[in-house]
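Notes follow the structure.
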Amino acid sequence: MPLVHIPGSKSITARALFLAAAADGVTTLVRPLRSDDTDGFAEGLTRLGYRVGRTPDSWQVDGRPQGPAVATADVYCRDGATTARFLPTLAAAGHGTYRFDASAQMRRRPLAPLTRALRDLGVDLVHEEAEGHHPLRIRANGVAGGAVTLDAGQSSQYLTALLLLGPLTRDGLRVTVTDLVSEPYVEITTAMMRAFGADVRREDDGTGVTYTVAPGGYRATTYAVEPDASTASYFFAAAALTGTEVTVPGLGAGALQGDLRFVDVLRRMGARVDVREDRTTVCGTGELRGLTVNMRDISDTMPTLAAIAPFASGPVRIEDVANTRVKECDRLDACAENLRRLGVDVATGPDWIEIQPGAPTAGADITTYGDHRVVMSFAVTGLRVPGITFDDPGCVRKTFPDFHTEFGAVFGELRRGMSGGPSVN
């Protein structure tokens with residue numbers, strides 16, 4: 001029974017870096033994710049004047065409740081959505097002029113609901129080119145707080161950014177949400193805010209959801225980052241697909257991340273799943289059944305399911321995942337196009353994809369669109385389909401730089417048993 005040690009959660013590491021920077025005192029983050037995204041977040045904090053000390057197994061952040069230590073800064077957010085959405089919000093609570101820009105890929109991704117809400121709270125914010133997109137400039141003078149309405153139907157990160165800001169405001173914050181996708185990620189946020197001493201509450205009166213955040217700031221702490229559940233999905237799916245068994249320690253019944261619910265999808269398809277307090281095991285049974293599943297709350301694992309869907313005994317239909325069209329790429333279309341290259345019958349709609357069973361053809365070149373999740377998902381397909389190649393295998397550095405090595409170490413024998421496996425050359 002191979003134990004697979006998954007790197008730290010990207011989502012948790014990004015939130016922890018924000019909280020540590022905003023807290024009063026020095027915070028130690030234990031086993032944070034080291035990747036392009038999180039390195040970019042830490043670099044952005046440094047540009048804003050925060051001290052971030054990094055060792056292989058832990059990072060120390062000197063918090064500044066009063067905001068950035070510099071009066072002006074130019075921050076490049078790379079490809080990181082959390083960096084590009086969280087850091088401007090953090091800077092808004094300080095005093096100075098701060099400019100934020102990002103990669104061409106990140107520039108295309110929407111930002112308007114968040115920046116509209118920040119403006120409603122009195123933040124002086126200008127989009128320098130396309131309205132609702134990077135680059136942007138903030139003339140920060142603190143945030144008083146108050147009540148604001150937010151549409152988080154495209155990304156839960158908009159709501160997370162505002163909630164993280166709440167304790168840094170003078171009067172606290174009350175956010176009424178008109179639409180919300182991926183709510184488990186917001187549950188991660190509120191749990192972590194409480195771990196850093198914040199008072200945040202959720203109210204649902206049947207007509208809408210409102211979050212109330214009290215002022216008062218954050219307290220520094222030592223915070224252990226749990227393994228990334230989205231990354232674990234590739235190893236779990238591979239076990240279900242190949243009839244093998246994989247255990248991921250550190251991810252169990254007490255995990256914060258909603259994406260661990262992906263194993264429930266594998267269970268419905270026929271895999272054996274054992275979730276303990278501190279670990280999760282998936283064992284393939286040689287059977288994968290078709291199903292219809294709503295993945296609104298775990299949409300980052302949609303490509304993982306799409307990649308193994310052709311091997312199911314019946315159609316696999318994934319619904320309510322419109323927000324995957326505004327990720328690093330349009331993931332619905334990317335999955336559909338690559339599956340068709342493998343000879344698989346696929347249909348898509350505005351928020352759904354349906355994949356018919358059938359033996360994929362060998363030797364396809366997977367177009368990744370620079371999206372780490374496309375690469376890691378179709379690496380799983382490559383365990384059953386020889387000759388798969390990727391046009392940009394290195395884009396996994398965004399969240400898991402050593403993915404190809406680690407995945408090969410666990411499943412390499414299976415790949416060597418075929419005439420060829422997924423190529424990263």
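Here, A, B, ... name the chains of the structure tokens in the order displayed, residue numbers run from 1 inside each chain, and ligands are numbered from 1 in the same displayed order.
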Determine, for each residue of range 312-410 of chain A having at least one atom at most 10 Å from an atom of range 172-185 of chain A, the closest pair of atoms and their separation in Å to one decimal, counting only C-alpha atoms; order by chain and ascending number, as a tab-separated table.
residue	atom	partner	partner_atom	distance
A:Asp320	CA	A:Val181	CA	9.4
A:Val321	CA	A:Val181	CA	8.9
A:Ala322	CA	A:Val181	CA	9.5
A:Asn323	CA	A:Val181	CA	7.6
Assign secondary structure with DSSP using the backbone only, and return the residues of range 100-340 of chain A in alpha helix (DSSP H) as number ranges by chain. A: 104-108, 112-120, 157-165, 183-195, 229-242, 262-269, 302-308, 331-340
Using only C-alpha atoms, which residues sit within 7 Å of His5 in chain A once same-chain residues fewer than 2 positions away are excluded, as a PDB file with N, CA and C atoms, in the first residue's frame?
ATOM      1  N   LEU A   3       2.299   4.828   0.326  1.00  0.00           N
ATOM      2  CA  LEU A   3       1.949   6.097   0.949  1.00  0.00           C
ATOM      3  C   LEU A   3       2.425   7.215   0.037  1.00  0.00           C
ATOM      4  N   PRO A   7       2.319  17.510  -1.518  1.00  0.00           N
ATOM      5  CA  PRO A   7       2.751  18.827  -1.027  1.00  0.00           C
ATOM      6  C   PRO A   7       1.603  19.589  -0.369  1.00  0.00           C
ATOM      7  N   VAL A 248      -3.028   8.575   1.267  1.00  0.00           N
ATOM      8  CA  VAL A 248      -2.456   9.907   1.449  1.00  0.00           C
ATOM      9  C   VAL A 248      -2.560  10.266   2.926  1.00  0.00           C
ATOM     10  N   PRO A 249      -1.439  10.294   3.640  1.00  0.00           N
ATOM     11  CA  PRO A 249      -1.475  10.708   5.044  1.00  0.00           C
ATOM     12  C   PRO A 249      -1.658  12.212   5.169  1.00  0.00           C
TER      13      PRO A 249
END
Within 12 Å of range 151-157 of chain A: each range 4-76 of chain A residue with its shortest pair, only C-alpha atoms, as a Markdown table:
| residue | atom | partner | partner_atom | distance |
| --- | --- | --- | --- | --- |
| A:Ser11 | CA | A:Gln157 | CA | 9.7 |
| A:Ala14 | CA | A:Gln157 | CA | 11.0 |
| A:Arg15 | CA | A:Gln157 | CA | 10.2 |
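With only C-alpha atoms as the atoms that count, the residue of A:Ala144, A:Thr38, A:Ala69, A:Thr149 with the shortest distance to Leu165 in chain A is A:Ala144.
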Which polymer residues have any atom within 7 Å of an atom of Asp36 in chain A, counting only C-alpha atoms, with same-chain residues fewer than 4 positions away left out, as a PyMOL selection string? chain A and resi 40+397-399
